[in-house]
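Participant: Quick one, model.cif (mmCIF, C-alpha atoms and all ligand atoms):
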data_model
loop_
_atom_site.label_atom_id
_atom_site.label_comp_id
_atom_site.auth_asym_id
_atom_site.auth_seq_id
_atom_site.Cartn_x
_atom_site.Cartn_y
_atom_site.Cartn_z
CA MET E 1 32.56 24.85 -1.71
CA ARG E 2 36.31 24.67 -2.37
CA ASP E 3 36.32 20.90 -1.89
CA PRO E 4 37.66 19.27 -5.11
CA ASP E 5 34.56 17.08 -5.60
CA VAL E 6 32.22 20.03 -5.08
CA LEU E 7 34.22 22.04 -7.61
CA ARG E 8 34.23 19.09 -10.00
CA PHE E 9 30.54 18.23 -9.87
CA THR E 10 28.70 21.50 -9.17
CA ARG E 11 28.60 24.78 -11.07
CA THR E 12 30.74 26.52 -8.46
CA PRO E 13 33.41 28.38 -10.47
CA ASP E 14 36.96 27.05 -10.27
CA PRO E 15 38.93 29.08 -9.46
CA MET E 16 36.39 30.91 -7.36
CA PRO E 17 36.66 34.67 -8.05
CA ASP E 18 37.00 36.98 -5.07
CA GLY E 19 33.56 38.01 -3.86
CA TRP E 20 31.77 35.36 -5.90
CA ILE E 21 30.18 33.79 -2.82
CA HIS E 22 28.40 37.06 -1.98
CA ASP E 23 26.85 37.26 -5.46
CA TYR E 24 25.89 33.60 -5.19
CA LEU E 25 24.21 34.04 -1.82
CA ALA E 26 22.36 37.13 -3.10
CA ARG E 27 20.51 34.88 -5.57
CA PHE E 28 18.70 33.29 -2.64
CA ARG E 29 17.25 36.54 -1.30
CA SER E 30 14.21 36.33 -3.60
CA ASP E 31 11.34 33.84 -3.96
CA ASP E 32 12.99 32.68 -7.14
CA ARG E 33 15.33 30.20 -5.42
CA ALA E 34 15.76 28.55 -2.06
CA GLY E 35 18.80 27.21 -0.25
CA TRP E 36 19.58 25.53 3.06
CA ALA E 37 22.50 24.60 5.22
CA VAL E 38 22.48 20.90 6.10
CA MET E 39 23.23 20.38 9.78
CA GLN E 40 23.87 17.23 11.76
CA ASP E 41 24.61 17.35 15.49
CA GLU E 42 24.98 21.14 15.19
CA GLN E 43 27.76 20.73 12.62
CA LEU E 44 27.54 21.97 9.04
CA VAL E 45 27.66 18.91 6.79
CA GLY E 46 26.49 20.31 3.48
CA TYR E 47 24.08 22.48 1.56
CA ALA E 48 20.98 22.04 -0.54
CA VAL E 49 19.75 24.46 -3.20
CA THR E 50 17.11 24.90 -5.84
CA GLY E 51 17.70 26.31 -9.27
CA PRO E 52 15.24 28.96 -10.47
CA ILE E 53 11.76 27.82 -9.40
CA ASP E 54 9.35 27.75 -12.34
CA ARG E 55 6.10 28.72 -10.58
CA GLU E 56 4.08 28.65 -13.82
CA GLY E 57 5.39 25.37 -15.17
CA LEU E 58 5.65 23.99 -11.59
CA GLU E 59 9.14 22.56 -12.06
CA VAL E 60 12.47 22.89 -10.32
CA GLU E 61 15.98 21.46 -10.46
CA LEU E 62 17.63 20.60 -7.14
CA GLY E 63 21.27 20.50 -6.10
CA TYR E 64 23.16 19.31 -3.03
CA ALA E 65 26.63 18.76 -1.68
CA VAL E 66 27.94 17.10 1.45
CA SER E 67 31.15 18.11 3.21
CA PRO E 68 33.95 15.53 2.97
CA TRP E 69 33.61 14.83 6.70
CA GLY E 70 29.89 14.05 6.36
CA ARG E 71 29.95 11.69 3.40
CA GLY E 72 29.03 8.03 3.30
CA ARG E 73 26.44 8.26 6.09
CA GLY E 74 23.27 8.86 4.11
CA VAL E 75 23.30 12.65 4.56
CA ALA E 76 22.81 13.43 0.86
CA THR E 77 20.03 10.87 0.59
CA GLU E 78 18.11 12.31 3.52
CA THR E 79 18.81 15.85 2.29
CA LEU E 80 17.46 15.13 -1.18
CA ARG E 81 14.46 13.32 0.27
CA GLN E 82 13.55 16.31 2.45
CA LEU E 83 14.27 18.81 -0.33
CA THR E 84 12.07 16.87 -2.75
CA GLN E 85 9.26 16.71 -0.19
CA TRP E 86 9.62 20.48 0.25
CA ALA E 87 9.26 20.95 -3.51
CA PHE E 88 6.08 18.87 -3.62
CA ASP E 89 4.75 20.76 -0.61
CA GLN E 90 5.21 23.92 -2.72
CA GLY E 91 2.86 22.39 -5.30
CA LEU E 92 5.57 21.63 -7.84
CA LYS E 93 4.78 18.80 -10.25
CA ARG E 94 8.20 17.79 -11.57
CA VAL E 95 11.53 17.85 -9.77
CA THR E 96 14.81 17.16 -11.52
CA ALA E 97 18.45 16.52 -10.73
CA LEU E 98 21.15 16.78 -13.38
CA ILE E 99 24.13 14.62 -12.47
CA SER E 100 27.46 14.20 -14.22
CA VAL E 101 27.90 10.79 -15.84
CA ASP E 102 31.14 10.62 -13.80
CA ASN E 103 29.37 11.04 -10.44
CA PRO E 104 27.98 7.60 -9.53
CA ALA E 105 27.64 8.47 -5.83
CA SER E 106 25.19 11.26 -6.67
CA SER E 107 23.32 9.05 -9.15
CA ARG E 108 22.93 6.48 -6.40
CA VAL E 109 21.53 9.15 -4.09
CA ALA E 110 18.87 10.09 -6.65
CA GLU E 111 18.02 6.45 -7.22
CA LYS E 112 17.69 5.76 -3.49
CA VAL E 113 15.26 8.67 -3.07
CA GLY E 114 13.06 7.33 -5.86
CA TYR E 115 14.10 9.44 -8.84
CA THR E 116 13.85 7.91 -12.32
CA PHE E 117 16.81 7.97 -14.70
CA GLU E 118 15.59 9.54 -17.94
CA GLY E 119 18.72 9.52 -20.08
CA VAL E 120 21.88 11.49 -20.78
CA LEU E 121 21.84 15.10 -21.92
CA ARG E 122 24.95 15.46 -24.02
CA SER E 123 27.44 18.32 -23.84
CA MET E 124 25.40 20.50 -21.50
CA HIS E 125 26.91 23.82 -20.48
CA HIS E 126 28.51 23.29 -17.05
CA ARG E 127 30.36 26.53 -16.29
CA GLY E 128 32.76 28.80 -18.13
CA GLU E 129 33.86 26.91 -21.21
CA ASP E 130 33.26 23.47 -19.66
CA ARG E 131 30.60 21.18 -21.07
CA GLU E 132 29.43 17.92 -19.45
CA ASP E 133 27.36 14.90 -20.30
CA LEU E 134 24.67 14.97 -17.61
CA GLN E 135 22.29 12.28 -16.48
CA SER E 136 18.73 13.60 -16.18
CA TRP E 137 16.81 12.24 -13.18
CA SER E 138 13.26 13.25 -12.26
CA ILE E 139 10.61 12.53 -9.69
CA LEU E 140 6.88 13.27 -9.75
CA PRO E 141 4.39 13.69 -6.88
CA GLY E 142 3.53 10.31 -5.39
CA GLU E 143 6.87 8.75 -6.28
CA LEU E 144 8.73 9.83 -3.16
CA ASP E 145 9.02 6.89 -0.80
CA PRO E 146 9.15 8.24 2.77
CA SER E 147 10.70 4.99 3.99
CA ARG E 148 13.79 5.56 1.86
CA GLY E 149 16.64 7.80 2.75
CA SER E 150 16.84 7.49 6.50
CA PRO E 151 20.25 8.67 7.72
CA SER E 152 22.57 5.95 9.03
C1 LIG E 201 27.58 12.93 -4.08
C2 LIG E 201 27.48 13.31 -2.60
C3 LIG E 201 26.41 14.42 -2.48
C4 LIG E 201 27.05 12.07 -1.82
O1 LIG E 201 26.86 12.44 -0.46
P1 LIG E 201 26.76 11.31 0.70
O2 LIG E 201 26.18 11.96 1.90
O3 LIG E 201 28.05 10.62 0.84
O4 LIG E 201 25.70 10.29 0.03
P2 LIG E 201 24.91 9.11 0.77
O5 LIG E 201 25.75 8.60 1.89
O6 LIG E 201 23.53 9.57 1.06
O7 LIG E 201 24.80 8.01 -0.39
C5 LIG E 201 25.87 7.76 -1.25
C6 LIG E 201 25.60 6.47 -2.02
O8 LIG E 201 26.50 6.41 -3.12
C7 LIG E 201 27.26 5.22 -3.04
N1 LIG E 201 28.56 5.51 -3.63
C8 LIG E 201 29.57 6.25 -3.11
N2 LIG E 201 30.59 6.29 -3.99
C9 LIG E 201 30.21 5.57 -5.07
C10 LIG E 201 30.82 5.23 -6.30
N3 LIG E 201 32.06 5.67 -6.59
N4 LIG E 201 30.13 4.47 -7.18
C11 LIG E 201 28.88 4.03 -6.90
N5 LIG E 201 28.23 4.32 -5.74
C12 LIG E 201 28.90 5.08 -4.84
C13 LIG E 201 27.31 4.90 -1.56
O9 LIG E 201 27.65 3.52 -1.35
C14 LIG E 201 25.87 5.21 -1.18
O10 LIG E 201 24.96 4.23 -1.64
P3 LIG E 201 24.44 3.04 -0.66
O11 LIG E 201 23.70 3.71 0.47
O12 LIG E 201 23.55 2.23 -1.53
O13 LIG E 201 25.65 2.31 -0.17
C15 LIG E 201 28.83 13.81 -2.03
O14 LIG E 201 29.83 12.88 -2.35
C16 LIG E 201 29.23 15.18 -2.56
O15 LIG E 201 28.87 16.19 -1.98
N6 LIG E 201 30.00 15.23 -3.67
C17 LIG E 201 30.45 16.49 -4.23
C18 LIG E 201 29.30 17.39 -4.69
C19 LIG E 201 28.34 16.65 -5.60
O16 LIG E 201 28.71 15.77 -6.36
N7 LIG E 201 27.07 17.07 -5.50
C20 LIG E 201 26.02 16.50 -6.33
C21 LIG E 201 26.00 17.21 -7.66
S1 LIG E 201 24.78 16.46 -8.75
#
If you took the structure in this file and wrote it as structure tokens, what would it be?

Facilitator:
Amino acid sequence: MRDPDVLRFTRTPDPMPDGWIHDYLARFRSDDRAGWAVMQDEQLVGYAVTGPIDREGLEVELGYAVSPWGRGRGVATETLRQLTQWAFDQGLKRVTALISVDNPASSRVAEKVGYTFEGVLRSMHHRGEDREDLQSWSILPGELDPSRGSPS
């Protein structure tokens, strides 16, 4: 999580306060959110998380990051594909990803999985005093193409 691109494009605080990771992990101890380690050949290559799961509105925002040593091999694409399938298996009806306009690799991942680009949300709160223009991508049940996103 201290990788410069992870700090740039996720809501991980920079600098990361002492003990922050413990508070962050505690968020995943309820049904409200879910998170996974992404493993390949028994090596950690990333993580995948949900935001707060809206069980009434049946919506969720997803997030993901791949370790520098795992990038460029389709790991994020397969991760997002599996995470999205998991969300639909939970009965959710709309799944979103909010992606910085300066993060074309992540936009490409969403596109490859079958997400639809909806537009740019301007000056969204990112973290601390930072604001970002974020692309909104979404996918609905039936739009996930299982043939996409196979790891290379
Ligand atoms: C974005 C990130 C998740 C991508 O992970 P990855 O495992 O390398 O992604 P994949 O290999 O599945 O796919 C990346 C795609 O982006 C493309 N890509 C990479 N850099 C690109 C760039 N600068 N411009 C356009 N496309 C780019 C790749 O070519 C590939 O597409 P292709 O299969 O059509 O060739 C990873 O770089 C990362 O963790 N970044 C930091 C954290 C982050 O940004 N998380 C997402 C927050 S929304």

Participant: Atom CA of Asp23 of chain E to atom P2 of ligand LIG 201 (chain E): how many Å, to one decimal?

Facilitator: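 Separating atom CA of Asp23 of chain E from atom P2 of ligand LIG 201 (chain E) is a distance of 28.9 Å.
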
Participant: Using only C-alpha atoms and all ligand atoms, find each residue in chain E having at least one atom no more than 8 Å away from ligand LIG 201 (chain E); report its shortest atom-to-atom pair and that distance in Å (one decimal), rows by chain then rising number, as a Markdown table.

Facilitator:
| residue | atom | partner | partner_atom | distance |
| --- | --- | --- | --- | --- |
| E:Asp3 | CA | E:LIG201 | C17 | 7.7 |
| E:Pro4 | CA | E:LIG201 | C17 | 7.8 |
| E:Asp5 | CA | E:LIG201 | C17 | 4.4 |
| E:Val6 | CA | E:LIG201 | C18 | 4.0 |
| E:Leu7 | CA | E:LIG201 | C18 | 7.4 |
| E:Arg8 | CA | E:LIG201 | C17 | 7.4 |
| E:Phe9 | CA | E:LIG201 | O16 | 4.7 |
| E:Thr10 | CA | E:LIG201 | C21 | 5.3 |
| E:Gly46 | CA | E:LIG201 | O15 | 7.2 |
| E:Gly63 | CA | E:LIG201 | C21 | 6.0 |
| E:Tyr64 | CA | E:LIG201 | N7 | 5.1 |
| E:Ala65 | CA | E:LIG201 | O15 | 3.4 |
| E:Val66 | CA | E:LIG201 | O15 | 3.7 |
| E:Ser67 | CA | E:LIG201 | O15 | 6.0 |
| E:Pro68 | CA | E:LIG201 | O15 | 7.1 |
| E:Gly70 | CA | E:LIG201 | O2 | 6.2 |
| E:Arg71 | CA | E:LIG201 | O3 | 3.4 |
| E:Gly72 | CA | E:LIG201 | O5 | 3.6 |
| E:Arg73 | CA | E:LIG201 | O5 | 4.3 |
| E:Gly74 | CA | E:LIG201 | O6 | 3.1 |
| E:Val75 | CA | E:LIG201 | O2 | 4.0 |
| E:Ala76 | CA | E:LIG201 | O2 | 3.8 |
| E:Thr77 | CA | E:LIG201 | O6 | 3.8 |
| E:Glu78 | CA | E:LIG201 | O6 | 6.6 |
| E:Thr79 | CA | E:LIG201 | O6 | 8.0 |
| E:Ala97 | CA | E:LIG201 | S1 | 6.6 |
| E:Leu98 | CA | E:LIG201 | S1 | 5.9 |
| E:Ile99 | CA | E:LIG201 | S1 | 4.2 |
| E:Ser100 | CA | E:LIG201 | S1 | 6.5 |
| E:Asn103 | CA | E:LIG201 | O16 | 6.3 |
| E:Pro104 | CA | E:LIG201 | N4 | 4.5 |
| E:Ala105 | CA | E:LIG201 | O8 | 3.6 |
| E:Ser106 | CA | E:LIG201 | C1 | 3.9 |
| E:Ser107 | CA | E:LIG201 | O8 | 7.3 |
| E:Arg108 | CA | E:LIG201 | O8 | 4.8 |
| E:Val109 | CA | E:LIG201 | O7 | 5.1 |
| E:Lys112 | CA | E:LIG201 | O12 | 7.1 |
| E:Gly149 | CA | E:LIG201 | O6 | 7.3 |
| E:Pro151 | CA | E:LIG201 | O6 | 7.5 |

Participant: If you count all atoms listed in the file, which residues fall within 12 Å of Arg131 of chain E, apart from same-chain ones fewer than 3 positions away, as a PDB file with C-alpha atoms, in the frame of the given file?

Facilitator:
ATOM      1  CA  ARG E   8      34.230  19.090 -10.000  1.00  0.00           C
ATOM      2  CA  PHE E   9      30.540  18.230  -9.870  1.00  0.00           C
ATOM      3  CA  ARG E  11      28.600  24.780 -11.070  1.00  0.00           C
ATOM      4  CA  SER E 100      27.460  14.200 -14.220  1.00  0.00           C
ATOM      5  CA  VAL E 101      27.900  10.790 -15.840  1.00  0.00           C
ATOM      6  CA  LEU E 121      21.840  15.100 -21.920  1.00  0.00           C
ATOM      7  CA  ARG E 122      24.950  15.460 -24.020  1.00  0.00           C
ATOM      8  CA  SER E 123      27.440  18.320 -23.840  1.00  0.00           C
ATOM      9  CA  MET E 124      25.400  20.500 -21.500  1.00  0.00           C
ATOM     10  CA  HIS E 125      26.910  23.820 -20.480  1.00  0.00           C
ATOM     11  CA  HIS E 126      28.510  23.290 -17.050  1.00  0.00           C
ATOM     12  CA  ARG E 127      30.360  26.530 -16.290  1.00  0.00           C
ATOM     13  CA  GLY E 128      32.760  28.800 -18.130  1.00  0.00           C
ATOM     14  CA  LEU E 134      24.670  14.970 -17.610  1.00  0.00           C
TER      15      LEU E 134
END

Participant: As a list in words, please: the residues near Pro141 of chain E (cut-off 7 Å, only C-alpha atoms, same-chain neighbours under 3 positions excluded).

Facilitator: Phe88, Lys93 and Leu144 of chain E

Participant: Figure out the distance between atom CA of Ser138 of chain E and atom CA of Ile21 of chain E, please, to one decimal in Å.

Facilitator: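 If I compute the distance from atom CA of Ile21 of chain E to atom CA of Ser138 of chain E, I get 28.2 Å.
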
Participant: Taking (14.8, 10.5, -9.5) in the file's coordinates, which residues come within 9 Å, counting only C-alpha atoms, written as a PyMOL selection string?

Facilitator: chain E and resi 95-97+107+109-118+136-140+143-144

Participant: For atom CA of His22 of chain E and atom CA of Ala37 of chain E, quote the distance in Å rounded to one decimal.

Facilitator: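 That distance, rounded to one decimal, is 15.6 Å.
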
Participant: Check the smallest atom-to-atom distance from each of E:Val60, E:Asp130, E:Gln135, E:Ala34 to Pro13 of chain E using all atoms listed in the file, then report the winner.

Facilitator: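 Checking each candidate against Pro13 of chain E, we get E:Asp130 as the closest.
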
Participant: As lines of an AutoDock Vina configuration file, please: the centre and edge lengths in Å, to one decimal, of an axis-aligned box enclosing every listed atom of segment 87-103 of chain E with 8 Å added on each side.

Facilitator:
center_x = 17.0
center_y = 17.3
center_z = -8.2
size_x = 44.3
size_y = 29.3
size_z = 31.2

Participant: Which is closest to Ile53 of chain E among E:Gly119, E:Gly35, E:Gly142, E:Pro15, if we use only C-alpha atoms?

Facilitator: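 For Ile53 of chain E, the nearest of the candidates is E:Gly35.
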
Participant: Output segment 58-69 of chain E with all heavy atoms present, as a short mmCIF file (atom, residue, chain, number, x, y, z; two decimals), in the coordinates of the input.

Facilitator:
data_model
loop_
_atom_site.label_atom_id
_atom_site.label_comp_id
_atom_site.auth_asym_id
_atom_site.auth_seq_id
_atom_site.Cartn_x
_atom_site.Cartn_y
_atom_site.Cartn_z
N LEU E 58 5.63 24.85 -12.79
CA LEU E 58 5.65 23.99 -11.59
C LEU E 58 6.77 22.95 -11.65
O LEU E 58 6.56 21.75 -11.40
CB LEU E 58 4.28 23.33 -11.38
CG LEU E 58 3.11 24.32 -11.22
CD1 LEU E 58 1.79 23.57 -11.06
CD2 LEU E 58 3.34 25.24 -10.03
N GLU E 59 7.98 23.43 -11.99
CA GLU E 59 9.14 22.56 -12.06
C GLU E 59 10.32 23.21 -11.36
O GLU E 59 10.40 24.43 -11.26
CB GLU E 59 9.53 22.31 -13.53
CG GLU E 59 8.45 21.60 -14.32
CD GLU E 59 8.81 21.45 -15.78
OE1 GLU E 59 9.84 21.98 -16.23
OE2 GLU E 59 8.03 20.78 -16.49
N VAL E 60 11.24 22.36 -10.92
CA VAL E 60 12.47 22.89 -10.32
C VAL E 60 13.57 21.84 -10.43
O VAL E 60 13.30 20.64 -10.44
CB VAL E 60 12.24 23.30 -8.84
CG1 VAL E 60 12.09 22.10 -7.92
CG2 VAL E 60 13.37 24.20 -8.34
N GLU E 61 14.81 22.34 -10.53
CA GLU E 61 15.98 21.46 -10.46
C GLU E 61 16.62 21.64 -9.08
O GLU E 61 16.72 22.76 -8.58
CB GLU E 61 16.99 21.86 -11.55
CG GLU E 61 18.24 21.00 -11.53
CD GLU E 61 19.37 21.58 -12.39
OE1 GLU E 61 19.08 22.37 -13.32
OE2 GLU E 61 20.53 21.25 -12.10
N LEU E 62 17.03 20.55 -8.48
CA LEU E 62 17.63 20.60 -7.14
C LEU E 62 19.12 20.28 -7.21
O LEU E 62 19.59 19.59 -8.12
CB LEU E 62 16.95 19.58 -6.22
CG LEU E 62 15.43 19.73 -6.07
CD1 LEU E 62 14.89 18.68 -5.12
CD2 LEU E 62 15.06 21.13 -5.59
N GLY E 63 19.84 20.80 -6.21
CA GLY E 63 21.27 20.50 -6.10
C GLY E 63 21.64 20.29 -4.64
O GLY E 63 20.95 20.78 -3.73
N TYR E 64 22.76 19.60 -4.40
CA TYR E 64 23.16 19.31 -3.03
C TYR E 64 24.64 18.97 -3.01
O TYR E 64 25.21 18.52 -4.01
CB TYR E 64 22.36 18.12 -2.44
CG TYR E 64 22.22 16.98 -3.42
CD1 TYR E 64 23.19 15.99 -3.53
CD2 TYR E 64 21.13 16.93 -4.29
CE1 TYR E 64 23.07 14.97 -4.45
CE2 TYR E 64 21.01 15.92 -5.22
CZ TYR E 64 21.98 14.94 -5.30
OH TYR E 64 21.86 13.95 -6.23
N ALA E 65 25.24 19.18 -1.88
CA ALA E 65 26.63 18.76 -1.68
C ALA E 65 26.83 18.47 -0.20
O ALA E 65 26.22 19.13 0.66
CB ALA E 65 27.61 19.84 -2.14
N VAL E 66 27.64 17.48 0.08
CA VAL E 66 27.94 17.10 1.45
C VAL E 66 29.43 17.32 1.70
O VAL E 66 30.26 17.00 0.83
CB VAL E 66 27.54 15.63 1.72
CG1 VAL E 66 27.98 15.17 3.09
CG2 VAL E 66 26.04 15.47 1.56
N SER E 67 29.75 17.86 2.86
CA SER E 67 31.15 18.11 3.21
C SER E 67 31.90 16.78 3.27
O SER E 67 31.31 15.76 3.63
CB SER E 67 31.23 18.78 4.58
OG SER E 67 30.31 19.84 4.65
N PRO E 68 33.19 16.80 2.95
CA PRO E 68 33.95 15.53 2.97
C PRO E 68 33.79 14.78 4.28
O PRO E 68 33.71 13.55 4.29
CB PRO E 68 35.40 15.99 2.76
CG PRO E 68 35.29 17.29 2.04
CD PRO E 68 34.01 17.93 2.52
N TRP E 69 33.68 15.51 5.40
CA TRP E 69 33.61 14.83 6.70
C TRP E 69 32.22 14.25 6.98
O TRP E 69 32.07 13.52 7.96
CB TRP E 69 34.00 15.79 7.83
CG TRP E 69 33.21 17.07 7.87
CD1 TRP E 69 32.01 17.28 8.51
CD2 TRP E 69 33.55 18.31 7.25
NE1 TRP E 69 31.59 18.56 8.32
CE2 TRP E 69 32.51 19.23 7.55
CE3 TRP E 69 34.63 18.74 6.46
CZ2 TRP E 69 32.52 20.55 7.08
CZ3 TRP E 69 34.63 20.05 6.01
CH2 TRP E 69 33.59 20.93 6.33
#
